[in-house]
Structure formats: structure tokens, C-alpha cells
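Q: Here it is, the structure in full.
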Amino acid sequence: MRNFVAHGAFGKNGNAFQFHSKTCAVPVLMRHDKIKNKFDFQGNLNFNNEEVIKLIENFIDYLWNSKYKTVMLYTQEYYLPTIVTLAKNGVYKEAIKSMENMEKFVERLSNQLDNSANMDW
């Protein structure tokens with residue numbers, strides 16, 4: 001939804017496309033009701049807020065109860081950064097195998113980050 005509103009997107013109903021001005025991407029809606037002006041810079045985008053919020057909540061619940069729960073722990077509970085070298089050397093691959101592995105990993109990494117911030121080497 002954010003990308004559609006901010007940048008435009010191709011779709012079957014209420015279609016949109018974008019162009020880049022010197023200031024930013026500009027969404028341009030292609031009206032489906034075939035009026036005189038086919039393109040519009042001001043769309044009347046309506047969303048069923050309750051339905052959208054429920055969809056997002058269901059997706060979050062799905063992630064927490066899926067094979068991605070270890071990743072959710074890392075990103076959503078501990079708010080730890082993604083470290084490319086840990087992805088390359090297999091540390092993340094090992095950590096996501098179980099909640100126990102991930103909990104040990106995030107505890108160790110959190111301690112390392114705290115020690116660095118406190119200059120406790």
C-alpha cells in the first residue's frame with residue numbers, strides 16, 4: 001500500500017504509473033472510469049482500514065508462527081541490525097535453525113554490541 005501511494009504501481013483497477021521529477025517519484029493514476037482526462041495526479045484512494053489492519057496483523061501472526069519465527073525474534077524483539085559478514089560466513093544460517101540457537105546468538109551479539117558501546121573490550 002505504501003509503495004502504491006508513494007510511487008504508483010501497475011494494477012488492473014485504479015491503475016497507476018510513475019515518473020521521476022527533480023523532486024521525487026510522482027504517482028500518476030490511470031482512471032478506469034474513462035472520463036475526459038485519462039491521467040490524474042490526485043487519486044481518490046480508499047482503503048477499508050479495518051480490513052487492511054487485520055491483513056497486516058494476520059501476516060505478522062503468520063510470521064511469528066512459521067519457520068521465520070527465529071528471524072522475527074532477531075528483528076522484532078531484539079531490533080538487531082543485519083550484519084553482512086554474518087550472513088556470508090553462515091552464522092545466521094546456523095542461528096535460524098531453532099529458537100534456542102537464535103536466543104543464544106542474540107544474547108551473545110547483544111552483549112558484544114553493549115560492550116562495544118561501553119568501550120568494554
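Identifiers in this document derive from the order of the C-alpha cells: chains are assigned A, B, ..., residues are numbered from 1 separately in each chain, and ligands are numbered from 1 in order of occurrence.
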Set the distance at 12 Å and use only C-alpha atoms: which residues neighbour Leu109 of chain A once local chain neighbours fewer than 4 positions away are removed? I'd like the list as a PyMOL selection string.
A: chain A and resi 74+78-83+86+91-92+95+102-105+113-116
Q: What's around Ile60 of chain A at 10 Å? Count only C-alpha atoms, leave out sequence neighbours fewer than 6 positions away in its own chain, and write the answer as a short mmCIF file (atom, residue, chain, number, x, y, z; two decimals) with C-alpha atoms, in the first residue's frame.
A:
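out-v7.cif written:
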```
data_model
loop_
_atom_site.label_atom_id
_atom_site.label_comp_id
_atom_site.auth_asym_id
_atom_site.auth_seq_id
_atom_site.Cartn_x
_atom_site.Cartn_y
_atom_site.Cartn_z
CA LYS A 54 -6.45 -7.15 10.04
CA SER A 66 6.11 -20.01 10.78
CA LYS A 69 9.88 -17.02 13.92
CA MET A 72 11.15 -12.31 13.85
#
```
